[in-house]
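Asks: Dropping a structure here in structure tokens format, bear with me for questions.
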Amino acid sequence: MSDLGSEEIEEERENYLGEYEGERNEAGERHGKGRALLPNGDIYDGLYEFGKRHGQGTYRFKNGARYIGEYQQNKKHGQGMFIYPDGSKYEGDWADDQRHGHGIYFYANNDTYTGEWFAHQRQGQGTYIYAETGSKYVGMWFNGQQEGSGEFIHLNHRYQGKFANKNPMGPGKYIFDIGCEQHGEYKLADVERSEEEEEEETTNLIPKWRAQKITALELWKPTPVEEAPEHEVLQPSEEPHAYSEGGGETTEDAQPLTDYSEVDELETLIKQGEDSEEVRDESREEGLNEEEEEEGTK
């Protein structure tokens, strides 16, 4: 992340005040609409109130970044758009000079995050779309990382479960477009290390998927409002759980995509399950043929 120029240089300090053209109040303070060239080379064009940036304005940093939006007491506050030198952009709510509330961030690599922010970080409910693969994460965030209930949606399958520090952890399931689900759990496991790494005492653990069972796809059906008559038997299935869910400016880091597809392993397990069904069907058929032959000999 790269730091940008600061807006917090005091404009009315005793030495060089910069250049200002605009309205003033009776006390001589900048008040109303004006344009200022700050001592650090930045330019502000917008509204002032009692000597401070307050209201709608545009702040241009000398490095090319700029903010267009609302100010309150010299700080970005309210609705605003910040364009960073690397081409990334944030549009949304600000509070006390920080991204705070609801907003969308367009990253330099064309990824996007739309959702809640807290103190400059992705936090709360949000959706992150990976431009390169088309995959997306929909769920909870904390301190800029996936945390809590969430869903990773890929081209032909999706994963639903819990996340901790951007990694899947605990029980979850993979849902495949071919009409089946694989249930299991992510547990921490040792990573294969080289001899040099094994000599070090540090432990390198990553979440590893442990498959448990394969079931048919659970389709969501609405629960009837009224009780069904006694002679009718309704068996509504439940919906699968998806998810619960002024200083220097810095660019927001793009979220690296972690592949949780496990496609090869899952397809193998699914094929094994299909083969087992065929074996059981053949065994039942052979048993019936033997019974028919015994009856024919009697």
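Identifiers in the structure tokens: chain A, B, ... in order shown; residue index from 1 per chain; ligand index from 1 in order shown.
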For Ile178 (chain A), please output as a list in words all residues within 9 Å (counting only C-alpha atoms; exclusion window: fewer than 3 positions along the same chain).
Replies: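 Close residues of Ile178 (chain A): Asn156, His157, Ile175 and Leu217 of chain A.
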Asks: Just checking: using only C-alpha atoms, which residue out of A:Phe176, A:Tyr186, A:Trp141, A:Tyr113 ends up closest to Glu252 (chain A)?
Replies: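 Of A:Phe176, A:Tyr186, A:Trp141, A:Tyr113, the one nearest Glu252 (chain A) is A:Tyr113, counting only C-alpha atoms.
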Asks: Give me, as an MDAnalysis selection string, the residues of region 67-199 of chain A that a backbone DSSP run labels strand (DSSP E or B).
Replies: chainID A and resid 67:72 75:83 89:95 98:106 112:118 121:129 136:142 145:153 157:164 167:176 180:190
Asks: In Å, with one decimal, what is the gap from CA of Gln145 (chain A) to CA of Cys180 (chain A)?
Replies: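 Here the two named atoms are 29.3 Å from each other.
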Asks: Per residue of region 57-141 of chain A within 12 Å of region 21-45 of chain A, what are the shortest atom pair and its distance in Å to one decimal, counting only C-alpha atoms, with rows by chain and residue number, as CSV?
Replies:
```
residue,atom,partner,partner_atom,distance
A:Gly57,CA,A:Asp45,CA,5.7
A:Thr58,CA,A:Asp45,CA,5.3
A:Tyr59,CA,A:Tyr44,CA,4.4
A:Arg60,CA,A:Ile43,CA,5.1
A:Phe61,CA,A:Asp42,CA,4.7
A:Lys62,CA,A:Asp42,CA,5.2
A:Asn63,CA,A:Asp42,CA,8.7
A:Gly64,CA,A:Asp42,CA,9.5
A:Ala65,CA,A:Asp42,CA,9.8
A:Arg66,CA,A:Ile43,CA,9.4
A:Tyr67,CA,A:Tyr44,CA,9.5
A:Ile68,CA,A:Asp45,CA,9.7
A:Gly69,CA,A:Asp45,CA,11.0
A:Glu70,CA,A:Asp45,CA,11.8
A:Tyr71,CA,A:Tyr44,CA,11.3
A:Asn74,CA,A:Tyr44,CA,10.9
```
Asks: So that I have them on file, write out the residues from the current selection with all heavy atoms, as a short mmCIF file (atom, residue, chain, number, x, y, z; two decimals), in the first residue's frame.
Replies:
```cif
data_model
loop_
_atom_site.label_atom_id
_atom_site.label_comp_id
_atom_site.auth_asym_id
_atom_site.auth_seq_id
_atom_site.Cartn_x
_atom_site.Cartn_y
_atom_site.Cartn_z
N GLY A 57 -16.86 19.53 -1.98
CA GLY A 57 -15.60 20.05 -2.48
C GLY A 57 -14.81 19.00 -3.23
O GLY A 57 -15.12 17.81 -3.20
N THR A 58 -13.76 19.48 -3.92
CA THR A 58 -12.85 18.59 -4.66
C THR A 58 -11.44 18.87 -4.18
O THR A 58 -10.97 20.02 -4.22
CB THR A 58 -12.94 18.83 -6.17
OG1 THR A 58 -14.27 18.54 -6.62
CG2 THR A 58 -11.95 17.94 -6.92
N TYR A 59 -10.76 17.81 -3.73
CA TYR A 59 -9.38 17.95 -3.24
C TYR A 59 -8.48 17.17 -4.18
O TYR A 59 -8.64 15.96 -4.35
CB TYR A 59 -9.29 17.40 -1.82
CG TYR A 59 -8.01 17.76 -1.10
CD1 TYR A 59 -7.99 18.71 -0.09
CD2 TYR A 59 -6.80 17.13 -1.43
CE1 TYR A 59 -6.82 19.04 0.58
CE2 TYR A 59 -5.62 17.46 -0.78
CZ TYR A 59 -5.64 18.41 0.22
OH TYR A 59 -4.47 18.72 0.89
N ARG A 60 -7.50 17.90 -4.79
CA ARG A 60 -6.57 17.26 -5.72
C ARG A 60 -5.18 17.20 -5.08
O ARG A 60 -4.61 18.22 -4.72
CB ARG A 60 -6.49 18.04 -7.03
CG ARG A 60 -7.78 18.00 -7.85
CD ARG A 60 -7.65 18.80 -9.14
NE ARG A 60 -8.80 18.65 -9.99
CZ ARG A 60 -9.91 19.36 -9.89
NH1 ARG A 60 -10.00 20.30 -8.94
NH2 ARG A 60 -10.93 19.16 -10.71
N PHE A 61 -4.67 15.96 -4.98
CA PHE A 61 -3.33 15.77 -4.45
C PHE A 61 -2.32 15.99 -5.57
O PHE A 61 -2.60 15.73 -6.75
CB PHE A 61 -3.17 14.35 -3.90
CG PHE A 61 -4.05 14.07 -2.70
CD1 PHE A 61 -5.36 13.65 -2.87
CD2 PHE A 61 -3.56 14.22 -1.42
CE1 PHE A 61 -6.16 13.39 -1.77
CE2 PHE A 61 -4.35 13.95 -0.32
CZ PHE A 61 -5.66 13.55 -0.49
N LYS A 62 -1.14 16.43 -5.20
CA LYS A 62 -0.12 16.71 -6.21
C LYS A 62 0.38 15.43 -6.89
O LYS A 62 0.99 15.50 -7.96
CB LYS A 62 1.05 17.45 -5.58
CG LYS A 62 1.76 16.70 -4.47
CD LYS A 62 2.88 17.55 -3.87
CE LYS A 62 3.59 16.84 -2.73
NZ LYS A 62 4.66 17.68 -2.15
N ASN A 63 0.12 14.25 -6.31
CA ASN A 63 0.54 12.99 -6.93
C ASN A 63 -0.50 12.44 -7.89
O ASN A 63 -0.34 11.35 -8.44
CB ASN A 63 0.88 11.95 -5.87
CG ASN A 63 -0.32 11.58 -5.02
OD1 ASN A 63 -1.41 12.11 -5.22
ND2 ASN A 63 -0.12 10.70 -4.06
N GLY A 64 -1.61 13.17 -8.09
CA GLY A 64 -2.62 12.74 -9.05
C GLY A 64 -3.89 12.20 -8.45
O GLY A 64 -4.91 12.09 -9.14
N ALA A 65 -3.87 11.83 -7.18
CA ALA A 65 -5.09 11.34 -6.53
C ALA A 65 -6.05 12.50 -6.30
O ALA A 65 -5.64 13.67 -6.26
CB ALA A 65 -4.73 10.68 -5.20
N ARG A 66 -7.33 12.17 -6.15
CA ARG A 66 -8.29 13.24 -5.85
C ARG A 66 -9.52 12.68 -5.13
O ARG A 66 -9.90 11.52 -5.31
CB ARG A 66 -8.70 13.98 -7.11
CG ARG A 66 -9.50 13.21 -8.13
CD ARG A 66 -9.73 14.07 -9.38
NE ARG A 66 -10.56 13.42 -10.37
CZ ARG A 66 -10.11 12.61 -11.31
NH1 ARG A 66 -8.82 12.33 -11.36
NH2 ARG A 66 -10.93 12.06 -12.18
N TYR A 67 -10.11 13.56 -4.33
CA TYR A 67 -11.35 13.24 -3.61
C TYR A 67 -12.43 14.23 -4.03
O TYR A 67 -12.20 15.44 -4.06
CB TYR A 67 -11.13 13.32 -2.10
CG TYR A 67 -12.42 13.23 -1.30
CD1 TYR A 67 -13.04 12.00 -1.08
CD2 TYR A 67 -13.00 14.37 -0.77
CE1 TYR A 67 -14.22 11.92 -0.35
CE2 TYR A 67 -14.18 14.30 -0.03
CZ TYR A 67 -14.79 13.07 0.17
OH TYR A 67 -15.96 12.98 0.90
N ILE A 68 -13.60 13.70 -4.37
CA ILE A 68 -14.74 14.53 -4.76
C ILE A 68 -15.91 14.13 -3.86
O ILE A 68 -16.42 13.01 -3.96
CB ILE A 68 -15.12 14.31 -6.23
CG1 ILE A 68 -13.90 14.55 -7.13
CG2 ILE A 68 -16.28 15.21 -6.64
CD1 ILE A 68 -14.10 14.09 -8.56
N GLY A 69 -16.30 15.03 -2.97
CA GLY A 69 -17.38 14.66 -2.07
C GLY A 69 -17.58 15.66 -0.96
O GLY A 69 -17.20 16.83 -1.06
N GLU A 70 -18.15 15.17 0.13
CA GLU A 70 -18.54 16.03 1.24
C GLU A 70 -17.45 16.09 2.31
O GLU A 70 -16.76 15.10 2.56
CB GLU A 70 -19.84 15.53 1.85
CG GLU A 70 -21.03 15.58 0.90
CD GLU A 70 -22.28 14.98 1.50
OE1 GLU A 70 -22.31 13.76 1.73
OE2 GLU A 70 -23.23 15.75 1.75
N TYR A 71 -17.36 17.26 2.93
CA TYR A 71 -16.44 17.48 4.05
C TYR A 71 -17.20 17.96 5.28
O TYR A 71 -18.29 18.54 5.17
CB TYR A 71 -15.40 18.56 3.69
CG TYR A 71 -14.23 18.06 2.88
CD1 TYR A 71 -14.26 18.07 1.49
CD2 TYR A 71 -13.09 17.59 3.52
CE1 TYR A 71 -13.18 17.62 0.75
CE2 TYR A 71 -12.01 17.14 2.80
CZ TYR A 71 -12.06 17.15 1.41
OH TYR A 71 -10.98 16.70 0.68
N ASN A 74 -13.05 19.97 7.97
CA ASN A 74 -11.77 19.62 7.33
C ASN A 74 -11.57 18.13 7.07
O ASN A 74 -10.51 17.73 6.59
CB ASN A 74 -10.58 20.13 8.15
CG ASN A 74 -10.04 21.45 7.64
OD1 ASN A 74 -10.57 22.01 6.67
ND2 ASN A 74 -9.00 21.95 8.26
#
```
